[in-house]
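Source file: coords-v6.cif (mmCIF, N, CA and C atoms)
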data_protein
#
loop_
_atom_site.label_atom_id
_atom_site.label_comp_id
_atom_site.auth_asym_id
_atom_site.auth_seq_id
_atom_site.Cartn_x
_atom_site.Cartn_y
_atom_site.Cartn_z
N MET J 206 -31.33 0.00 -3.95
CA MET J 206 -30.44 -0.20 -2.82
C MET J 206 -28.98 -0.25 -3.24
N LEU J 207 -28.67 -0.87 -4.36
CA LEU J 207 -27.28 -0.97 -4.79
C LEU J 207 -26.72 0.37 -5.25
N ASN J 208 -27.57 1.32 -5.53
CA ASN J 208 -27.11 2.65 -5.92
C ASN J 208 -27.12 3.63 -4.76
N SER J 209 -27.18 3.12 -3.54
CA SER J 209 -27.26 3.95 -2.35
C SER J 209 -25.93 4.67 -2.10
N PRO J 210 -25.96 6.00 -1.99
CA PRO J 210 -24.72 6.73 -1.65
C PRO J 210 -24.13 6.29 -0.32
N ALA J 211 -24.98 5.98 0.67
CA ALA J 211 -24.48 5.53 1.97
C ALA J 211 -23.75 4.20 1.84
N LEU J 212 -24.29 3.29 1.02
CA LEU J 212 -23.64 2.00 0.80
C LEU J 212 -22.31 2.20 0.08
N ALA J 213 -22.29 3.08 -0.92
CA ALA J 213 -21.04 3.35 -1.64
C ALA J 213 -19.99 3.94 -0.72
N ASP J 214 -20.38 4.89 0.12
CA ASP J 214 -19.42 5.50 1.04
C ASP J 214 -18.91 4.50 2.07
N GLY J 215 -19.80 3.64 2.55
CA GLY J 215 -19.39 2.60 3.49
C GLY J 215 -18.42 1.62 2.85
N ALA J 216 -18.69 1.25 1.59
CA ALA J 216 -17.80 0.34 0.87
C ALA J 216 -16.43 0.99 0.63
N LYS J 217 -16.44 2.29 0.32
CA LYS J 217 -15.16 2.98 0.13
C LYS J 217 -14.36 3.02 1.43
N LEU J 218 -15.03 3.23 2.55
CA LEU J 218 -14.34 3.25 3.85
C LEU J 218 -13.73 1.88 4.15
N VAL J 219 -14.52 0.83 4.02
CA VAL J 219 -14.01 -0.52 4.29
C VAL J 219 -12.89 -0.86 3.30
N GLY J 220 -13.07 -0.51 2.04
CA GLY J 220 -12.03 -0.76 1.04
C GLY J 220 -10.73 -0.03 1.36
N ARG J 221 -10.85 1.23 1.80
CA ARG J 221 -9.64 1.99 2.18
C ARG J 221 -8.92 1.31 3.33
N ILE J 222 -9.68 0.89 4.33
CA ILE J 222 -9.07 0.25 5.49
C ILE J 222 -8.38 -1.04 5.09
N LEU J 223 -9.05 -1.85 4.27
CA LEU J 223 -8.46 -3.14 3.86
C LEU J 223 -7.23 -2.95 2.98
N LEU J 224 -7.25 -1.97 2.10
CA LEU J 224 -6.07 -1.70 1.28
C LEU J 224 -4.89 -1.22 2.12
N ALA J 225 -5.17 -0.37 3.10
CA ALA J 225 -4.10 0.27 3.87
C ALA J 225 -3.57 -0.59 5.00
N LEU J 226 -4.37 -1.51 5.50
CA LEU J 226 -3.97 -2.29 6.66
C LEU J 226 -2.62 -2.98 6.46
N MET J 227 -2.41 -3.57 5.31
CA MET J 227 -1.16 -4.26 5.02
C MET J 227 0.03 -3.31 5.13
N PHE J 228 -0.14 -2.08 4.68
CA PHE J 228 0.96 -1.12 4.69
C PHE J 228 1.26 -0.61 6.09
N VAL J 229 0.22 -0.34 6.86
CA VAL J 229 0.41 0.13 8.23
C VAL J 229 1.12 -0.95 9.05
N LEU J 230 0.65 -2.19 8.94
CA LEU J 230 1.27 -3.28 9.69
C LEU J 230 2.70 -3.56 9.22
N ALA J 231 2.93 -3.50 7.92
CA ALA J 231 4.27 -3.74 7.39
C ALA J 231 5.24 -2.65 7.84
N GLY J 232 4.80 -1.40 7.79
CA GLY J 232 5.67 -0.31 8.23
C GLY J 232 6.02 -0.45 9.70
N TYR J 233 5.03 -0.78 10.50
CA TYR J 233 5.26 -0.96 11.93
C TYR J 233 6.23 -2.12 12.20
N SER J 234 6.05 -3.24 11.47
CA SER J 234 6.92 -4.40 11.70
C SER J 234 8.35 -4.13 11.27
N LYS J 235 8.54 -3.25 10.32
CA LYS J 235 9.89 -2.92 9.88
C LYS J 235 10.66 -2.15 10.95
N ILE J 236 9.94 -1.46 11.82
CA ILE J 236 10.60 -0.75 12.92
C ILE J 236 11.20 -1.75 13.90
N SER J 237 10.41 -2.76 14.26
CA SER J 237 10.91 -3.75 15.23
C SER J 237 11.89 -4.73 14.61
N GLY J 238 11.81 -4.92 13.31
CA GLY J 238 12.74 -5.82 12.62
C GLY J 238 13.68 -5.06 11.70
N TYR J 239 14.15 -3.93 12.18
CA TYR J 239 14.91 -2.98 11.36
C TYR J 239 16.13 -3.63 10.69
N ALA J 240 16.98 -4.27 11.47
CA ALA J 240 18.22 -4.84 10.92
C ALA J 240 17.92 -5.92 9.88
N GLY J 241 16.96 -6.79 10.18
CA GLY J 241 16.61 -7.84 9.23
C GLY J 241 16.05 -7.27 7.93
N THR J 242 15.27 -6.21 8.05
CA THR J 242 14.71 -5.58 6.85
C THR J 242 15.81 -4.93 6.03
N GLN J 243 16.78 -4.30 6.69
CA GLN J 243 17.91 -3.71 5.96
C GLN J 243 18.66 -4.78 5.18
N GLN J 244 18.87 -5.93 5.79
CA GLN J 244 19.57 -7.02 5.11
C GLN J 244 18.77 -7.52 3.92
N TYR J 245 17.47 -7.66 4.09
CA TYR J 245 16.62 -8.13 2.99
C TYR J 245 16.65 -7.14 1.83
N MET J 246 16.56 -5.86 2.15
CA MET J 246 16.61 -4.84 1.10
C MET J 246 17.95 -4.90 0.38
N ALA J 247 19.03 -5.01 1.12
CA ALA J 247 20.36 -5.06 0.53
C ALA J 247 20.52 -6.28 -0.38
N SER J 248 19.89 -7.39 0.00
CA SER J 248 19.98 -8.60 -0.83
C SER J 248 19.31 -8.42 -2.18
N ALA J 249 18.39 -7.47 -2.27
CA ALA J 249 17.72 -7.18 -3.54
C ALA J 249 18.36 -5.99 -4.25
N GLY J 250 19.47 -5.49 -3.70
CA GLY J 250 20.17 -4.38 -4.33
C GLY J 250 19.59 -3.01 -3.98
N VAL J 251 18.74 -2.96 -2.97
CA VAL J 251 18.13 -1.70 -2.55
C VAL J 251 18.96 -1.16 -1.38
N PRO J 252 19.46 0.06 -1.47
CA PRO J 252 20.28 0.60 -0.37
C PRO J 252 19.51 0.62 0.95
N ALA J 253 20.13 0.08 1.97
CA ALA J 253 19.50 0.00 3.29
C ALA J 253 19.20 1.38 3.86
N ILE J 254 19.88 2.39 3.39
CA ILE J 254 19.65 3.75 3.89
C ILE J 254 18.24 4.25 3.54
N LEU J 255 17.58 3.58 2.60
CA LEU J 255 16.22 3.97 2.21
C LEU J 255 15.15 3.44 3.17
N LEU J 256 15.54 2.62 4.13
CA LEU J 256 14.54 2.01 5.02
C LEU J 256 13.69 3.04 5.77
N PRO J 257 14.23 4.12 6.31
CA PRO J 257 13.34 5.09 6.95
C PRO J 257 12.28 5.65 6.00
N LEU J 258 12.65 5.87 4.75
CA LEU J 258 11.69 6.34 3.76
C LEU J 258 10.61 5.29 3.50
N VAL J 259 11.02 4.04 3.40
CA VAL J 259 10.08 2.93 3.19
C VAL J 259 9.08 2.88 4.35
N ILE J 260 9.59 2.96 5.57
CA ILE J 260 8.72 2.93 6.75
C ILE J 260 7.75 4.11 6.72
N ALA J 261 8.25 5.28 6.39
CA ALA J 261 7.39 6.47 6.35
C ALA J 261 6.30 6.33 5.29
N VAL J 262 6.66 5.83 4.11
CA VAL J 262 5.68 5.66 3.04
C VAL J 262 4.60 4.68 3.47
N GLU J 263 5.02 3.56 4.04
CA GLU J 263 4.04 2.54 4.44
C GLU J 263 3.16 3.03 5.58
N LEU J 264 3.77 3.54 6.63
CA LEU J 264 2.99 3.97 7.79
C LEU J 264 2.14 5.20 7.49
N LEU J 265 2.79 6.26 7.03
CA LEU J 265 2.06 7.50 6.80
C LEU J 265 1.09 7.38 5.63
N GLY J 266 1.53 6.77 4.54
CA GLY J 266 0.64 6.58 3.40
C GLY J 266 -0.56 5.72 3.76
N GLY J 267 -0.30 4.64 4.50
CA GLY J 267 -1.40 3.78 4.93
C GLY J 267 -2.38 4.50 5.83
N LEU J 268 -1.87 5.26 6.78
CA LEU J 268 -2.76 6.01 7.68
C LEU J 268 -3.53 7.10 6.94
N MET J 269 -2.89 7.72 5.96
CA MET J 269 -3.59 8.73 5.16
C MET J 269 -4.77 8.11 4.42
N VAL J 270 -4.57 6.92 3.88
CA VAL J 270 -5.65 6.23 3.17
C VAL J 270 -6.76 5.85 4.14
N VAL J 271 -6.42 5.31 5.29
CA VAL J 271 -7.43 4.93 6.27
C VAL J 271 -8.27 6.14 6.66
N LEU J 272 -7.60 7.24 6.96
CA LEU J 272 -8.30 8.44 7.40
C LEU J 272 -8.99 9.17 6.25
N GLY J 273 -8.59 8.87 5.04
CA GLY J 273 -9.15 9.59 3.90
C GLY J 273 -8.65 11.02 3.83
N TRP J 274 -7.39 11.23 4.13
CA TRP J 274 -6.78 12.56 4.09
C TRP J 274 -5.76 12.59 2.96
N LYS J 275 -5.94 13.52 2.03
CA LYS J 275 -5.08 13.58 0.84
C LYS J 275 -5.04 12.19 0.18
N THR J 276 -6.22 11.61 0.09
CA THR J 276 -6.36 10.21 -0.31
C THR J 276 -5.83 9.94 -1.71
N ARG J 277 -6.18 10.79 -2.65
CA ARG J 277 -5.75 10.53 -4.03
C ARG J 277 -4.23 10.56 -4.14
N LEU J 278 -3.59 11.49 -3.48
CA LEU J 278 -2.13 11.58 -3.48
C LEU J 278 -1.52 10.34 -2.82
N ALA J 279 -2.04 9.96 -1.66
CA ALA J 279 -1.53 8.78 -0.96
C ALA J 279 -1.75 7.52 -1.79
N ALA J 280 -2.91 7.39 -2.42
CA ALA J 280 -3.20 6.21 -3.24
C ALA J 280 -2.24 6.12 -4.42
N LEU J 281 -1.96 7.24 -5.06
CA LEU J 281 -1.03 7.24 -6.18
C LEU J 281 0.38 6.90 -5.72
N ALA J 282 0.80 7.47 -4.59
CA ALA J 282 2.13 7.17 -4.05
C ALA J 282 2.26 5.69 -3.68
N LEU J 283 1.24 5.14 -3.02
CA LEU J 283 1.30 3.74 -2.64
C LEU J 283 1.19 2.81 -3.84
N ALA J 284 0.50 3.22 -4.88
CA ALA J 284 0.47 2.42 -6.11
C ALA J 284 1.87 2.33 -6.71
N GLY J 285 2.55 3.47 -6.79
CA GLY J 285 3.92 3.47 -7.32
C GLY J 285 4.87 2.68 -6.44
N PHE J 286 4.75 2.85 -5.14
CA PHE J 286 5.58 2.12 -4.18
C PHE J 286 5.37 0.62 -4.33
N THR J 287 4.12 0.19 -4.45
CA THR J 287 3.80 -1.23 -4.55
C THR J 287 4.29 -1.82 -5.87
N LEU J 288 4.18 -1.06 -6.94
CA LEU J 288 4.70 -1.53 -8.22
C LEU J 288 6.22 -1.68 -8.16
N ALA J 289 6.89 -0.70 -7.56
CA ALA J 289 8.34 -0.79 -7.40
C ALA J 289 8.73 -2.01 -6.56
N ALA J 290 7.99 -2.26 -5.49
CA ALA J 290 8.28 -3.42 -4.64
C ALA J 290 8.10 -4.72 -5.43
N ALA J 291 7.07 -4.78 -6.25
CA ALA J 291 6.85 -5.98 -7.07
C ALA J 291 8.03 -6.22 -8.00
N LEU J 292 8.48 -5.16 -8.64
CA LEU J 292 9.58 -5.28 -9.61
C LEU J 292 10.92 -5.55 -8.93
N LEU J 293 11.12 -5.05 -7.74
CA LEU J 293 12.39 -5.24 -7.04
C LEU J 293 12.48 -6.57 -6.29
N PHE J 294 11.37 -7.04 -5.75
CA PHE J 294 11.43 -8.17 -4.83
C PHE J 294 10.71 -9.43 -5.29
N HIS J 295 9.90 -9.37 -6.33
CA HIS J 295 9.07 -10.54 -6.67
C HIS J 295 9.15 -10.94 -8.14
N LEU J 296 10.31 -10.78 -8.74
CA LEU J 296 10.44 -11.15 -10.16
C LEU J 296 11.00 -12.55 -10.38
N ASN J 297 11.31 -13.27 -9.33
CA ASN J 297 11.82 -14.63 -9.48
C ASN J 297 10.65 -15.59 -9.70
N TRP J 298 10.19 -15.65 -10.93
CA TRP J 298 9.00 -16.43 -11.25
C TRP J 298 9.25 -17.93 -11.28
N ALA J 299 10.50 -18.34 -11.09
CA ALA J 299 10.78 -19.77 -10.96
C ALA J 299 10.19 -20.29 -9.65
N GLN J 300 9.97 -19.39 -8.70
CA GLN J 300 9.35 -19.75 -7.43
C GLN J 300 7.87 -19.34 -7.49
N PRO J 301 6.96 -20.32 -7.42
CA PRO J 301 5.53 -20.00 -7.51
C PRO J 301 5.07 -18.95 -6.50
N MET J 302 5.63 -18.94 -5.30
CA MET J 302 5.21 -17.96 -4.29
C MET J 302 5.58 -16.54 -4.74
N GLN J 303 6.72 -16.38 -5.39
CA GLN J 303 7.11 -15.05 -5.86
C GLN J 303 6.19 -14.58 -6.99
N GLN J 304 5.77 -15.51 -7.82
CA GLN J 304 4.81 -15.18 -8.87
C GLN J 304 3.48 -14.73 -8.26
N LEU J 305 3.04 -15.43 -7.23
CA LEU J 305 1.80 -15.08 -6.54
C LEU J 305 1.93 -13.70 -5.88
N LEU J 306 3.05 -13.44 -5.22
CA LEU J 306 3.27 -12.14 -4.57
C LEU J 306 3.32 -11.01 -5.60
N PHE J 307 3.92 -11.28 -6.74
CA PHE J 307 3.95 -10.28 -7.81
C PHE J 307 2.53 -9.94 -8.25
N MET J 308 1.72 -10.97 -8.48
CA MET J 308 0.34 -10.74 -8.92
C MET J 308 -0.49 -10.06 -7.83
N LYS J 309 -0.24 -10.41 -6.56
CA LYS J 309 -0.93 -9.74 -5.44
C LYS J 309 -0.59 -8.25 -5.45
N ASN J 310 0.68 -7.94 -5.65
CA ASN J 310 1.07 -6.53 -5.69
C ASN J 310 0.40 -5.79 -6.84
N LEU J 311 0.30 -6.43 -8.00
CA LEU J 311 -0.38 -5.79 -9.12
C LEU J 311 -1.85 -5.55 -8.80
N SER J 312 -2.48 -6.48 -8.09
CA SER J 312 -3.87 -6.29 -7.69
C SER J 312 -4.02 -5.11 -6.74
N VAL J 313 -3.08 -4.97 -5.81
CA VAL J 313 -3.10 -3.85 -4.88
C VAL J 313 -2.90 -2.54 -5.63
N VAL J 314 -2.00 -2.53 -6.61
CA VAL J 314 -1.81 -1.34 -7.45
C VAL J 314 -3.13 -0.97 -8.11
N GLY J 315 -3.83 -1.97 -8.63
CA GLY J 315 -5.14 -1.73 -9.25
C GLY J 315 -6.13 -1.13 -8.27
N GLY J 316 -6.15 -1.65 -7.05
CA GLY J 316 -7.04 -1.10 -6.03
C GLY J 316 -6.72 0.36 -5.72
N PHE J 317 -5.44 0.68 -5.63
CA PHE J 317 -5.06 2.07 -5.37
C PHE J 317 -5.39 2.98 -6.54
N LEU J 318 -5.28 2.48 -7.75
CA LEU J 318 -5.65 3.30 -8.91
C LEU J 318 -7.16 3.56 -8.94
N VAL J 319 -7.96 2.57 -8.56
CA VAL J 319 -9.40 2.79 -8.46
C VAL J 319 -9.69 3.83 -7.37
N LEU J 320 -9.01 3.73 -6.24
CA LEU J 320 -9.20 4.71 -5.17
C LEU J 320 -8.78 6.10 -5.63
N PHE J 321 -7.70 6.18 -6.37
CA PHE J 321 -7.26 7.46 -6.92
C PHE J 321 -8.34 8.06 -7.82
N ALA J 322 -8.93 7.23 -8.66
CA ALA J 322 -9.94 7.70 -9.60
C ALA J 322 -11.27 8.03 -8.93
N ALA J 323 -11.70 7.19 -7.98
CA ALA J 323 -13.02 7.33 -7.37
C ALA J 323 -13.04 8.28 -6.18
N GLY J 324 -11.91 8.47 -5.55
CA GLY J 324 -11.87 9.29 -4.34
C GLY J 324 -12.28 8.48 -3.13
N PRO J 325 -12.14 9.07 -1.95
CA PRO J 325 -12.31 8.32 -0.69
C PRO J 325 -13.75 8.19 -0.22
N GLY J 326 -14.67 8.93 -0.77
CA GLY J 326 -16.04 8.91 -0.29
C GLY J 326 -16.24 9.93 0.82
N ARG J 327 -17.50 10.05 1.24
CA ARG J 327 -17.84 11.08 2.24
C ARG J 327 -17.39 10.71 3.65
N LEU J 328 -17.11 9.43 3.90
CA LEU J 328 -16.65 9.01 5.23
C LEU J 328 -15.13 9.11 5.29
N SER J 329 -14.64 10.34 5.11
CA SER J 329 -13.21 10.59 5.04
C SER J 329 -12.94 12.02 5.45
N LEU J 330 -11.71 12.31 5.75
CA LEU J 330 -11.35 13.71 6.04
C LEU J 330 -11.43 14.57 4.79
N ASP J 331 -11.22 13.95 3.63
CA ASP J 331 -11.32 14.68 2.36
C ASP J 331 -12.78 14.95 1.98
N ARG J 332 -13.69 14.13 2.48
CA ARG J 332 -15.13 14.25 2.22
C ARG J 332 -15.47 14.24 0.72
N GLY J 333 -14.85 13.36 0.00
CA GLY J 333 -15.20 13.34 -1.41
C GLY J 333 -14.61 12.24 -2.10
#
This entry written out as structure tokens:
Amino acid sequence: MLNSPALADGAKLVGRILLALMFVLAGYSKISGYAGTQQYMASAGVPAILLPLVIAVELLGGLMVVLGWKTRLAALALAGFTLAAALLFHLNWAQPMQQLLFMKNLSVVGGFLVLFAAGPGRLSLDRG
């Protein structure tokens, strides 16, 4: 039973959804909180002009992962994006919450790398 292809494909689908949900919701929330997000980015030295790109990466990349379309490319892009976010926004380890957020981001990077290596499964637009 544990070697069931149907179980593996179902787990990959649920895993894709859980990995991507954070990005889809974050991208959407940045649209409604645009000015505040620009200020936050600027406080970390990230040019606010990059916000449309950030929104596109989060929303489109997240949806690509959920749908399983160009999954390996989207997983690799989101892994890089998440690593960059960890390095830009969560390096203040004097604050325990920032240390936790940094480690959470590294875990998400690991999840995307596994998805990149394993592929999306048969329950995807990529079908593999």
What is the atom CA of J:Leu293-atom CA of J:Ala253 distance in Å, reported with one decimal?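 Atom-to-atom, atom CA of J:Leu293 and atom CA of J:Ala253 are spaced 13.6 Å apart.
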Give me the result of the PyMOL selection byres ((chain J and resi 328) around 8) on this file, residue by residue, as number ranges by chain. J: 213-215, 217-218, 271-273, 325-327, 329-333
Compile a residue-level contact table for stretch 255-292 of chain J against stretch 315-318 of chain J at a cut-off of 7 Å, reporting for every qualifying residue the shortest atom pair and its distance in Å to one decimal, with all atoms listed in the file counted, rows ordered by chain and ascending number, as CSV.
residue,atom,partner,partner_atom,distance
J:Ala280,C,J:Phe317,C,4.9
J:Leu281,N,J:Phe317,C,5.7
J:Leu283,C,J:Phe317,CA,6.5
J:Ala284,CA,J:Phe317,CA,5.6
Could you please take those selected residues and save N, CA and C atoms as a PDB file, keeping the file's coordinate frame?
ATOM      1  N   ALA J 280      -2.910   7.390  -2.420  1.00  0.00           N
ATOM      2  CA  ALA J 280      -3.200   6.210  -3.240  1.00  0.00           C
ATOM      3  C   ALA J 280      -2.240   6.120  -4.420  1.00  0.00           C
ATOM      4  N   LEU J 281      -1.960   7.240  -5.060  1.00  0.00           N
ATOM      5  CA  LEU J 281      -1.030   7.240  -6.180  1.00  0.00           C
ATOM      6  C   LEU J 281       0.380   6.900  -5.720  1.00  0.00           C
ATOM      7  N   LEU J 283       1.240   5.140  -3.020  1.00  0.00           N
ATOM      8  CA  LEU J 283       1.300   3.740  -2.640  1.00  0.00           C
ATOM      9  C   LEU J 283       1.190   2.810  -3.840  1.00  0.00           C
ATOM     10  N   ALA J 284       0.500   3.220  -4.880  1.00  0.00           N
ATOM     11  CA  ALA J 284       0.470   2.420  -6.110  1.00  0.00           C
ATOM     12  C   ALA J 284       1.870   2.330  -6.710  1.00  0.00           C
TER      13      ALA J 284
END
Near-J:Gln303 list (12 Å; only C-alpha atoms; drop same-chain fewer than 6 positions) as a list of chain:residue names: J:Ala290, J:Ala291, J:Leu292, J:Leu293, J:Phe294, J:His295, J:Leu296, J:Asn297, J:Lys309, J:Asn310
Point-to-point distance from atom CA of J:Val319 to atom CA of J:Met302, Å rounded to tenths: 25.7 Å
Between atom CA of J:Glu263 and atom CA of J:Val229 - distance in Å to one decimal: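 Atom CA of J:Glu263 lies at a distance of 5.8 Å from atom CA of J:Val229.
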Picked from stretch 229-258 of chain J by DSSP as alpha helix (DSSP H), as a short mmCIF file (atom, residue, chain, number, x, y, z; two decimals) with N, CA and C atoms, in the frame of the given file:
data_model
loop_
_atom_site.label_atom_id
_atom_site.label_comp_id
_atom_site.auth_asym_id
_atom_site.auth_seq_id
_atom_site.Cartn_x
_atom_site.Cartn_y
_atom_site.Cartn_z
N VAL J 229 0.22 -0.34 6.86
CA VAL J 229 0.41 0.13 8.23
C VAL J 229 1.12 -0.95 9.05
N LEU J 230 0.65 -2.19 8.94
CA LEU J 230 1.27 -3.28 9.69
C LEU J 230 2.70 -3.56 9.22
N ALA J 231 2.93 -3.50 7.92
CA ALA J 231 4.27 -3.74 7.39
C ALA J 231 5.24 -2.65 7.84
N GLY J 232 4.80 -1.40 7.79
CA GLY J 232 5.67 -0.31 8.23
C GLY J 232 6.02 -0.45 9.70
N TYR J 233 5.03 -0.78 10.50
CA TYR J 233 5.26 -0.96 11.93
C TYR J 233 6.23 -2.12 12.20
N SER J 234 6.05 -3.24 11.47
CA SER J 234 6.92 -4.40 11.70
C SER J 234 8.35 -4.13 11.27
N LYS J 235 8.54 -3.25 10.32
CA LYS J 235 9.89 -2.92 9.88
C LYS J 235 10.66 -2.15 10.95
N ILE J 236 9.94 -1.46 11.82
CA ILE J 236 10.60 -0.75 12.92
C ILE J 236 11.20 -1.75 13.90
N SER J 237 10.41 -2.76 14.26
CA SER J 237 10.91 -3.75 15.23
C SER J 237 11.89 -4.73 14.61
N TYR J 239 14.15 -3.93 12.18
CA TYR J 239 14.91 -2.98 11.36
C TYR J 239 16.13 -3.63 10.69
N ALA J 240 16.98 -4.27 11.47
CA ALA J 240 18.22 -4.84 10.92
C ALA J 240 17.92 -5.92 9.88
N GLY J 241 16.96 -6.79 10.18
CA GLY J 241 16.61 -7.84 9.23
C GLY J 241 16.05 -7.27 7.93
N THR J 242 15.27 -6.21 8.05
CA THR J 242 14.71 -5.58 6.85
C THR J 242 15.81 -4.93 6.03
N GLN J 243 16.78 -4.30 6.69
CA GLN J 243 17.91 -3.71 5.96
C GLN J 243 18.66 -4.78 5.18
N GLN J 244 18.87 -5.93 5.79
CA GLN J 244 19.57 -7.02 5.11
C GLN J 244 18.77 -7.52 3.92
N TYR J 245 17.47 -7.66 4.09
CA TYR J 245 16.62 -8.13 2.99
C TYR J 245 16.65 -7.14 1.83
N MET J 246 16.56 -5.86 2.15
CA MET J 246 16.61 -4.84 1.10
C MET J 246 17.95 -4.90 0.38
N ALA J 247 19.03 -5.01 1.12
CA ALA J 247 20.36 -5.06 0.53
C ALA J 247 20.52 -6.28 -0.38
N SER J 248 19.89 -7.39 0.00
CA SER J 248 19.98 -8.60 -0.83
C SER J 248 19.31 -8.42 -2.18
N LEU J 256 15.54 2.62 4.13
CA LEU J 256 14.54 2.01 5.02
C LEU J 256 13.69 3.04 5.77
N PRO J 257 14.23 4.12 6.31
CA PRO J 257 13.34 5.09 6.95
C PRO J 257 12.28 5.65 6.00
N LEU J 258 12.65 5.87 4.75
CA LEU J 258 11.69 6.34 3.76
C LEU J 258 10.61 5.29 3.50
#
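Considering only C-alpha atoms, the residue among J:Leu207, J:Ala289, J:Leu306, J:Leu212 positioned nearest to J:Val251 is J:Ala289.
Using all atoms listed in the file for every distance, the candidate list J:Phe321, J:Met246, J:Val219, J:Ala231 yields J:Phe321 as the residue closest to J:Thr276.
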Between J:Leu320, J:Ala249, J:Leu226, J:Met308, single out the one closest to J:Leu265, counting only C-alpha atoms. J:Leu226
Using all atoms listed in the file, which of the listed residues (J:Gly220, J:Ala247, J:Pro252, J:Leu264) sits closest to J:Tyr233?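 The closest residue to J:Tyr233 is J:Leu264.
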Using all atoms listed in the file, which of J:Met206, J:Ser234, J:Ala225, J:Gly324 sits nearest J:Leu268?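 Of the candidates, the smallest distance to J:Leu268 is held by J:Ala225.
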With all heavy atoms as the target, complete stretch 266-271 of chain J and hand it back as an mmCIF file, in the coordinates of the input.
data_model
loop_
_atom_site.group_PDB
_atom_site.id
_atom_site.type_symbol
_atom_site.label_atom_id
_atom_site.label_comp_id
_atom_site.auth_asym_id
_atom_site.auth_seq_id
_atom_site.Cartn_x
_atom_site.Cartn_y
_atom_site.Cartn_z
ATOM 1 N N GLY J 266 1.530 6.770 4.540
ATOM 2 C CA GLY J 266 0.640 6.580 3.400
ATOM 3 C C GLY J 266 -0.560 5.720 3.760
ATOM 4 O O GLY J 266 -1.696 6.029 3.406
ATOM 5 N N GLY J 267 -0.300 4.640 4.500
ATOM 6 C CA GLY J 267 -1.400 3.780 4.930
ATOM 7 C C GLY J 267 -2.380 4.500 5.830
ATOM 8 O O GLY J 267 -3.599 4.385 5.657
ATOM 9 N N LEU J 268 -1.870 5.260 6.780
ATOM 10 C CA LEU J 268 -2.760 6.010 7.680
ATOM 11 C C LEU J 268 -3.530 7.100 6.940
ATOM 12 O O LEU J 268 -4.700 7.346 7.239
ATOM 13 C CB LEU J 268 -1.951 6.602 8.836
ATOM 14 C CG LEU J 268 -1.413 5.580 9.835
ATOM 15 C CD1 LEU J 268 -0.473 6.248 10.830
ATOM 16 C CD2 LEU J 268 -2.551 4.861 10.549
ATOM 17 N N MET J 269 -2.890 7.720 5.960
ATOM 18 C CA MET J 269 -3.590 8.730 5.160
ATOM 19 C C MET J 269 -4.770 8.110 4.420
ATOM 20 O O MET J 269 -5.846 8.700 4.342
ATOM 21 C CB MET J 269 -2.619 9.400 4.176
ATOM 22 C CG MET J 269 -1.622 10.324 4.838
ATOM 23 S SD MET J 269 -0.294 10.866 3.728
ATOM 24 C CE MET J 269 -1.195 11.942 2.606
ATOM 25 N N VAL J 270 -4.570 6.920 3.880
ATOM 26 C CA VAL J 270 -5.650 6.230 3.170
ATOM 27 C C VAL J 270 -6.760 5.850 4.140
ATOM 28 O O VAL J 270 -7.946 6.044 3.848
ATOM 29 C CB VAL J 270 -5.104 5.009 2.398
ATOM 30 C CG1 VAL J 270 -6.235 4.116 1.902
ATOM 31 C CG2 VAL J 270 -4.237 5.462 1.231
ATOM 32 N N VAL J 271 -6.420 5.310 5.290
ATOM 33 C CA VAL J 271 -7.430 4.930 6.270
ATOM 34 C C VAL J 271 -8.270 6.140 6.660
ATOM 35 O O VAL J 271 -9.506 6.079 6.695
ATOM 36 C CB VAL J 271 -6.796 4.296 7.533
ATOM 37 C CG1 VAL J 271 -7.810 4.191 8.659
ATOM 38 C CG2 VAL J 271 -6.235 2.917 7.210
#
